[in-house]
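Peer 1: Next comes data-v3.cif, mmCIF, N, CA and C atoms:
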data_my_file
loop_
_atom_site.label_atom_id
_atom_site.label_comp_id
_atom_site.auth_asym_id
_atom_site.auth_seq_id
_atom_site.Cartn_x
_atom_site.Cartn_y
_atom_site.Cartn_z
N MET A 26 142.61 96.98 97.52
CA MET A 26 142.06 95.73 97.97
C MET A 26 140.58 95.93 98.26
N PHE A 27 139.79 94.91 97.97
CA PHE A 27 138.36 94.98 98.24
C PHE A 27 137.84 93.57 98.49
N VAL A 28 136.67 93.51 99.09
CA VAL A 28 136.03 92.24 99.40
C VAL A 28 134.90 92.01 98.41
N VAL A 29 134.79 90.80 97.93
CA VAL A 29 133.74 90.44 96.99
C VAL A 29 132.78 89.49 97.68
N ASP A 30 131.52 89.91 97.80
CA ASP A 30 130.53 88.99 98.37
C ASP A 30 129.91 88.19 97.23
N GLU A 31 129.12 87.21 97.57
CA GLU A 31 128.57 86.32 96.56
C GLU A 31 127.64 87.05 95.59
N ALA A 32 126.90 88.05 96.07
CA ALA A 32 126.00 88.80 95.19
C ALA A 32 126.79 89.58 94.14
N MET A 33 127.89 90.21 94.55
CA MET A 33 128.72 90.95 93.59
C MET A 33 129.36 89.98 92.60
N ALA A 34 129.87 88.87 93.10
CA ALA A 34 130.49 87.88 92.21
C ALA A 34 129.49 87.37 91.20
N ALA A 35 128.27 87.12 91.63
CA ALA A 35 127.23 86.63 90.72
C ALA A 35 126.91 87.67 89.65
N ALA A 36 126.85 88.93 90.03
CA ALA A 36 126.57 90.00 89.05
C ALA A 36 127.70 90.11 88.03
N VAL A 37 128.94 90.02 88.49
CA VAL A 37 130.08 90.09 87.58
C VAL A 37 130.09 88.87 86.65
N ARG A 38 129.85 87.69 87.21
CA ARG A 38 129.80 86.47 86.37
C ARG A 38 128.69 86.55 85.32
N ARG A 39 127.53 87.05 85.74
CA ARG A 39 126.40 87.17 84.82
C ARG A 39 126.75 88.12 83.67
N ALA A 40 127.33 89.27 83.99
CA ALA A 40 127.74 90.23 82.94
C ALA A 40 128.77 89.59 82.02
N PHE A 41 129.72 88.87 82.59
CA PHE A 41 130.75 88.20 81.80
C PHE A 41 130.13 87.17 80.87
N ASP A 42 129.26 86.32 81.41
CA ASP A 42 128.65 85.25 80.61
C ASP A 42 127.74 85.78 79.51
N GLU A 43 127.01 86.86 79.80
CA GLU A 43 126.04 87.38 78.85
C GLU A 43 126.64 88.34 77.82
N ARG A 44 127.67 89.11 78.24
CA ARG A 44 128.15 90.18 77.35
C ARG A 44 129.65 90.22 77.16
N GLY A 45 130.43 89.55 78.03
CA GLY A 45 131.88 89.53 77.83
C GLY A 45 132.66 90.22 78.94
N GLU A 46 133.99 90.30 78.72
CA GLU A 46 134.90 90.81 79.75
C GLU A 46 134.67 92.28 80.10
N TRP A 47 134.58 93.15 79.09
CA TRP A 47 134.50 94.58 79.39
C TRP A 47 133.19 94.98 80.05
N PRO A 48 132.05 94.42 79.67
CA PRO A 48 130.84 94.69 80.45
C PRO A 48 130.96 94.18 81.90
N ALA A 49 131.69 93.08 82.09
CA ALA A 49 131.91 92.59 83.44
C ALA A 49 132.79 93.56 84.22
N VAL A 50 133.76 94.19 83.56
CA VAL A 50 134.58 95.22 84.19
C VAL A 50 133.68 96.38 84.62
N ALA A 51 132.78 96.79 83.74
CA ALA A 51 131.85 97.88 84.08
C ALA A 51 130.98 97.49 85.29
N GLU A 52 130.54 96.25 85.33
CA GLU A 52 129.73 95.79 86.46
C GLU A 52 130.56 95.82 87.75
N LEU A 53 131.78 95.36 87.68
CA LEU A 53 132.65 95.41 88.86
C LEU A 53 132.82 96.84 89.34
N ARG A 54 133.01 97.76 88.41
CA ARG A 54 133.20 99.16 88.77
C ARG A 54 131.95 99.79 89.37
N ARG A 55 130.80 99.21 89.15
CA ARG A 55 129.59 99.69 89.82
C ARG A 55 129.68 99.44 91.33
N HIS A 56 130.47 98.44 91.70
CA HIS A 56 130.56 98.03 93.11
C HIS A 56 131.81 98.55 93.81
N VAL A 57 132.91 98.67 93.10
CA VAL A 57 134.17 99.12 93.71
C VAL A 57 134.86 100.12 92.78
N CYS A 58 135.67 100.97 93.36
CA CYS A 58 136.41 101.98 92.59
C CYS A 58 137.76 101.40 92.16
N ILE A 59 137.89 101.11 90.88
CA ILE A 59 139.14 100.65 90.30
C ILE A 59 139.38 101.52 89.07
N ASP A 60 140.45 102.28 89.08
CA ASP A 60 140.73 103.18 87.96
C ASP A 60 141.54 102.53 86.85
N ASP A 61 142.33 101.54 87.18
CA ASP A 61 143.24 100.91 86.23
C ASP A 61 142.52 99.79 85.47
N ASN A 62 142.46 99.91 84.14
CA ASN A 62 141.79 98.90 83.32
C ASN A 62 142.39 97.51 83.49
N ALA A 63 143.71 97.43 83.53
CA ALA A 63 144.37 96.13 83.66
C ALA A 63 144.03 95.48 85.00
N GLU A 64 144.02 96.27 86.06
CA GLU A 64 143.66 95.73 87.39
C GLU A 64 142.21 95.27 87.42
N ALA A 65 141.32 96.07 86.84
CA ALA A 65 139.91 95.71 86.82
C ALA A 65 139.68 94.43 86.02
N LEU A 66 140.33 94.32 84.89
CA LEU A 66 140.19 93.13 84.06
C LEU A 66 140.75 91.90 84.78
N ARG A 67 141.88 92.06 85.46
CA ARG A 67 142.46 90.96 86.22
C ARG A 67 141.51 90.52 87.35
N ALA A 68 140.88 91.49 88.01
CA ALA A 68 139.93 91.17 89.08
C ALA A 68 138.72 90.43 88.51
N VAL A 69 138.22 90.87 87.37
CA VAL A 69 137.08 90.20 86.74
C VAL A 69 137.44 88.75 86.41
N ARG A 70 138.60 88.55 85.81
CA ARG A 70 139.01 87.19 85.45
C ARG A 70 139.15 86.31 86.68
N THR A 71 139.62 86.87 87.77
CA THR A 71 139.74 86.11 89.01
C THR A 71 138.37 85.77 89.56
N ILE A 72 137.47 86.74 89.60
CA ILE A 72 136.12 86.51 90.12
C ILE A 72 135.40 85.46 89.28
N VAL A 73 135.52 85.55 87.96
CA VAL A 73 134.84 84.61 87.08
C VAL A 73 135.37 83.19 87.28
N SER A 74 136.64 83.07 87.62
CA SER A 74 137.22 81.73 87.80
C SER A 74 136.80 81.09 89.12
N TRP A 75 136.34 81.89 90.09
CA TRP A 75 135.88 81.32 91.37
C TRP A 75 134.54 80.66 91.18
N ARG A 76 134.31 79.68 91.94
CA ARG A 76 132.98 79.06 92.01
C ARG A 76 132.55 79.06 93.46
N PRO A 77 131.27 79.25 93.70
CA PRO A 77 130.79 79.29 95.09
C PRO A 77 131.21 78.03 95.85
N SER A 78 131.66 78.23 97.07
CA SER A 78 132.05 77.09 97.90
C SER A 78 130.79 76.45 98.49
N SER A 79 130.95 75.29 99.06
CA SER A 79 129.82 74.63 99.70
C SER A 79 129.39 75.45 100.90
N ASP A 80 128.26 75.15 101.45
CA ASP A 80 127.70 75.88 102.57
C ASP A 80 128.68 75.93 103.72
N MET A 81 129.13 77.12 104.09
CA MET A 81 130.12 77.29 105.15
C MET A 81 129.53 76.95 106.52
N SER A 82 128.22 77.01 106.67
CA SER A 82 127.62 76.75 107.98
C SER A 82 127.73 75.30 108.38
N SER A 83 127.99 74.41 107.43
CA SER A 83 128.11 73.00 107.75
C SER A 83 129.52 72.61 108.19
N ARG A 84 130.45 73.57 108.12
CA ARG A 84 131.82 73.31 108.56
C ARG A 84 131.89 73.27 110.09
N PRO A 85 132.70 72.37 110.62
CA PRO A 85 132.86 72.38 112.06
C PRO A 85 133.60 73.63 112.52
N SER A 86 133.21 74.17 113.64
CA SER A 86 133.89 75.36 114.15
C SER A 86 135.22 74.96 114.79
N ALA A 87 136.13 75.92 114.80
CA ALA A 87 137.47 75.64 115.32
C ALA A 87 137.54 75.68 116.82
#
Turn the structure described in the file into structure tokens.

Peer 2:
Amino acid sequence: MFVVDEAMAAAVRRAFDERGEWPAVAELRRHVCIDDNAEALRAVRTIVSWRPSSDMSSRPSA
């Protein structure tokens, strides 16, 4: 398990958009240690499918 911040997600999306899935896997691996190709590819596909949420600071606090 790992946490993806917006900067990492943007880098993975950029690699995916410019060069494809496997370069995006390589970009993800620059940030986190994932040895399994299938897991890394699944993570890339998940990250690419996310879109940045609206500004969280405008949400009311609980």

Peer 1: On this file, the PyMOL selection byres ((chain A and resi 65-68) around 8) gives some set of residues; write that set as an MDAnalysis selection string.

Peer 2: chainID A and resid 46:47 49:51 53:54 59:64 69:74

Peer 1: Kindly save the residues from that selection, with N, CA and C atoms included, as an mmCIF file, in the frame of the given file.

Peer 2:
data_model
loop_
_atom_site.group_PDB
_atom_site.id
_atom_site.type_symbol
_atom_site.label_atom_id
_atom_site.label_comp_id
_atom_site.auth_asym_id
_atom_site.auth_seq_id
_atom_site.Cartn_x
_atom_site.Cartn_y
_atom_site.Cartn_z
ATOM 1 N N GLU A 46 133.990 90.300 78.720
ATOM 2 C CA GLU A 46 134.900 90.810 79.750
ATOM 3 C C GLU A 46 134.670 92.280 80.100
ATOM 4 N N TRP A 47 134.580 93.150 79.090
ATOM 5 C CA TRP A 47 134.500 94.580 79.390
ATOM 6 C C TRP A 47 133.190 94.980 80.050
ATOM 7 N N ALA A 49 131.690 93.080 82.090
ATOM 8 C CA ALA A 49 131.910 92.590 83.440
ATOM 9 C C ALA A 49 132.790 93.560 84.220
ATOM 10 N N VAL A 50 133.760 94.190 83.560
ATOM 11 C CA VAL A 50 134.580 95.220 84.190
ATOM 12 C C VAL A 50 133.680 96.380 84.620
ATOM 13 N N ALA A 51 132.780 96.790 83.740
ATOM 14 C CA ALA A 51 131.850 97.880 84.080
ATOM 15 C C ALA A 51 130.980 97.490 85.290
ATOM 16 N N LEU A 53 131.780 95.360 87.680
ATOM 17 C CA LEU A 53 132.650 95.410 88.860
ATOM 18 C C LEU A 53 132.820 96.840 89.340
ATOM 19 N N ARG A 54 133.010 97.760 88.410
ATOM 20 C CA ARG A 54 133.200 99.160 88.770
ATOM 21 C C ARG A 54 131.950 99.790 89.370
ATOM 22 N N ILE A 59 137.890 101.110 90.880
ATOM 23 C CA ILE A 59 139.140 100.650 90.300
ATOM 24 C C ILE A 59 139.380 101.520 89.070
ATOM 25 N N ASP A 60 140.450 102.280 89.080
ATOM 26 C CA ASP A 60 140.730 103.180 87.960
ATOM 27 C C ASP A 60 141.540 102.530 86.850
ATOM 28 N N ASP A 61 142.330 101.540 87.180
ATOM 29 C CA ASP A 61 143.240 100.910 86.230
ATOM 30 C C ASP A 61 142.520 99.790 85.470
ATOM 31 N N ASN A 62 142.460 99.910 84.140
ATOM 32 C CA ASN A 62 141.790 98.900 83.320
ATOM 33 C C ASN A 62 142.390 97.510 83.490
ATOM 34 N N ALA A 63 143.710 97.430 83.530
ATOM 35 C CA ALA A 63 144.370 96.130 83.660
ATOM 36 C C ALA A 63 144.030 95.480 85.000
ATOM 37 N N GLU A 64 144.020 96.270 86.060
ATOM 38 C CA GLU A 64 143.660 95.730 87.390
ATOM 39 C C GLU A 64 142.210 95.270 87.420
ATOM 40 N N VAL A 69 138.220 90.870 87.370
ATOM 41 C CA VAL A 69 137.080 90.200 86.740
ATOM 42 C C VAL A 69 137.440 88.750 86.410
ATOM 43 N N ARG A 70 138.600 88.550 85.810
ATOM 44 C CA ARG A 70 139.010 87.190 85.450
ATOM 45 C C ARG A 70 139.150 86.310 86.680
ATOM 46 N N THR A 71 139.620 86.870 87.770
ATOM 47 C CA THR A 71 139.740 86.110 89.010
ATOM 48 C C THR A 71 138.370 85.770 89.560
ATOM 49 N N ILE A 72 137.470 86.740 89.600
ATOM 50 C CA ILE A 72 136.120 86.510 90.120
ATOM 51 C C ILE A 72 135.400 85.460 89.280
ATOM 52 N N VAL A 73 135.520 85.550 87.960
ATOM 53 C CA VAL A 73 134.840 84.610 87.080
ATOM 54 C C VAL A 73 135.370 83.190 87.280
ATOM 55 N N SER A 74 136.640 83.070 87.620
ATOM 56 C CA SER A 74 137.220 81.730 87.800
ATOM 57 C C SER A 74 136.800 81.090 89.120
#

Peer 1: One number please: atom N of Asp30 (chain A) to CA of His56 (chain A), in Å, one decimal.

Peer 2: 9.4 Å

Peer 1: What is the distance between atom C of Trp75 (chain A) and atom C of Gly45 (chain A), in Å to one decimal?

Peer 2: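 Result for atom C of Trp75 (chain A) versus atom C of Gly45 (chain A): 15.6 Å, one decimal.
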
Peer 1: Which value, in Å to one decimal, gives the distance between atom N of Val29 (chain A) and atom N of Arg44 (chain A)?

Peer 2: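 Computed distance, atom N of Val29 (chain A) to atom N of Arg44 (chain A), equals 21.0 Å.
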
Peer 1: Got a sec to tell me which of chain A DSSP assigns to alpha helix (DSSP H), as a ChimeraX atom specification?

Peer 2: /A:31-44,46-56,62-74

Peer 1: Each side padded by 6 Å, which centre and which edge lengths in Å (one decimal) define the axis-aligned box around the listed atoms of region 59-64 of chain A? Give them as JSON.

Peer 2:
{"center_x": 141.1, "center_y": 99.2, "center_z": 87.1, "size_x": 18.5, "size_y": 19.9, "size_z": 19.6}

Peer 1: Restricting the calculation to all atoms listed in the file, which member of A:Arg76, A:Val37, A:Met26, A:Ala32 is positioned closest to Glu52 (chain A)?

Peer 2: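 The shortest atom-to-atom distance to Glu52 (chain A) comes from A:Val37.
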